[in-house]
Amino acid sequence: MGDFNHPDICWRDNAAGHKQSRKFLECVDDNFLLQVIEEPTRRGAMLDLLLTNKEGLVGDVKLKGSLGCSDHEMVEFRILRAARRACSKLTTLDFRRADFGLFRDLLGRIPWDRALEGRGAQDSWLIFKGHLLQA
């Protein structure tokens with residue numbers, strides 16, 4: 001959420017007049033984001049945007065007038081779904097604790113020319129990955 005300052009964007013038609021605004025629209029589309037504010041937030045322009053990656057995640061969007069000397073409308077909204085922390089059982093490597101000198105030495109002992117000779121990309125990757133994980 002924030003003041004993105006693209007007054008020439010028409011969110012209803014997904015169109016813009018300026019190149020920079022068209023690039024911004026393209027970025028929003030490429031990242032599958034939805035803009036949920038439907039009313040102008042500053043002097044008839046929709047400059048303040050509320051972007052989400054899930055339809056129905058944000059709701060009850062209301063403009064609440066300006067705060068102090070600001071010429072922007074305050075935007076009030078609710079997050080409709082509780083955030084859940086995914087509990088992953090995926091094992092990951094902690095490279096902060098790695099001994100890279102030993103790591104380099106172990107991988108340097110492997111005769112890569114012989115190990116990968118005549119192999120395709122997939123087989124070479126699997127061999128490399130096996131040695132990497134073993135090291």
# chains A, B, ... in the order shown; residues from 1 in each chain; ligands from 1
>>> closest_atom_pairs(of="stretch 30-116 of chain A", to="stretch 9-24 of chain A", cutoff="9 Å", atoms="only C-alpha atoms", output="CSV")
residue,atom,partner,partner_atom,distance
A:Gln35,CA,A:Trp11,CA,7.7
A:Glu38,CA,A:Trp11,CA,8.3
A:Met46,CA,A:Ile9,CA,8.1
A:Leu47,CA,A:Ile9,CA,9.0
>>> write_last_selection(atoms="C-alpha atoms", output="mmCIF file, in the first residue's frame")
data_model
loop_
_atom_site.group_PDB
_atom_site.id
_atom_site.type_symbol
_atom_site.label_atom_id
_atom_site.label_comp_id
_atom_site.auth_asym_id
_atom_site.auth_seq_id
_atom_site.Cartn_x
_atom_site.Cartn_y
_atom_site.Cartn_z
ATOM 1 C CA GLN A 35 -5.403 -3.100 -7.018
ATOM 2 C CA GLU A 38 -11.912 2.052 -6.337
ATOM 3 C CA MET A 46 -6.187 7.497 -7.662
ATOM 4 C CA LEU A 47 -2.591 7.859 -6.479
#
>>> select_by_dssp(residues="stretch 35-135 of chain A", states="alpha helix (DSSP H)", output="list in words")
Phe100, Gly101, Leu102, Phe103, Arg104, Asp105, Leu106, Leu107, Gly108, Trp112, Asp113, Arg114, Ala115, Leu116, Ala121, Gln122, Asp123, Ser124, Trp125, Leu126, Ile127, Phe128, Lys129, Gly130, His131, Leu132, Leu133 and Gln134 of chain A
>>> atom_distance(atom1="atom CA of A:Ala115", atom2="atom CA of A:Asp99")
24.1 Å
>>> atom_distance(atom1="atom CA of A:Pro7", atom2="atom CA of A:Ile79")
25.8 Å
>>> select_by_dssp(residues="chain A", states="strand (DSSP E)", output="ChimeraX atom specification")
/A:2-3,34-35,48-49,51-52,58-63,75-79
>>> residues_around(residues="stretch 68-70 of chain A", least_positions_apart="6", cutoff="12 Å", atoms="only C-alpha atoms", output="ChimeraX atom specification")
/A:41-43
>>> atom_distance(atom1="atom CA of A:Lys64", atom2="atom CA of A:Leu33")
24.0 Å
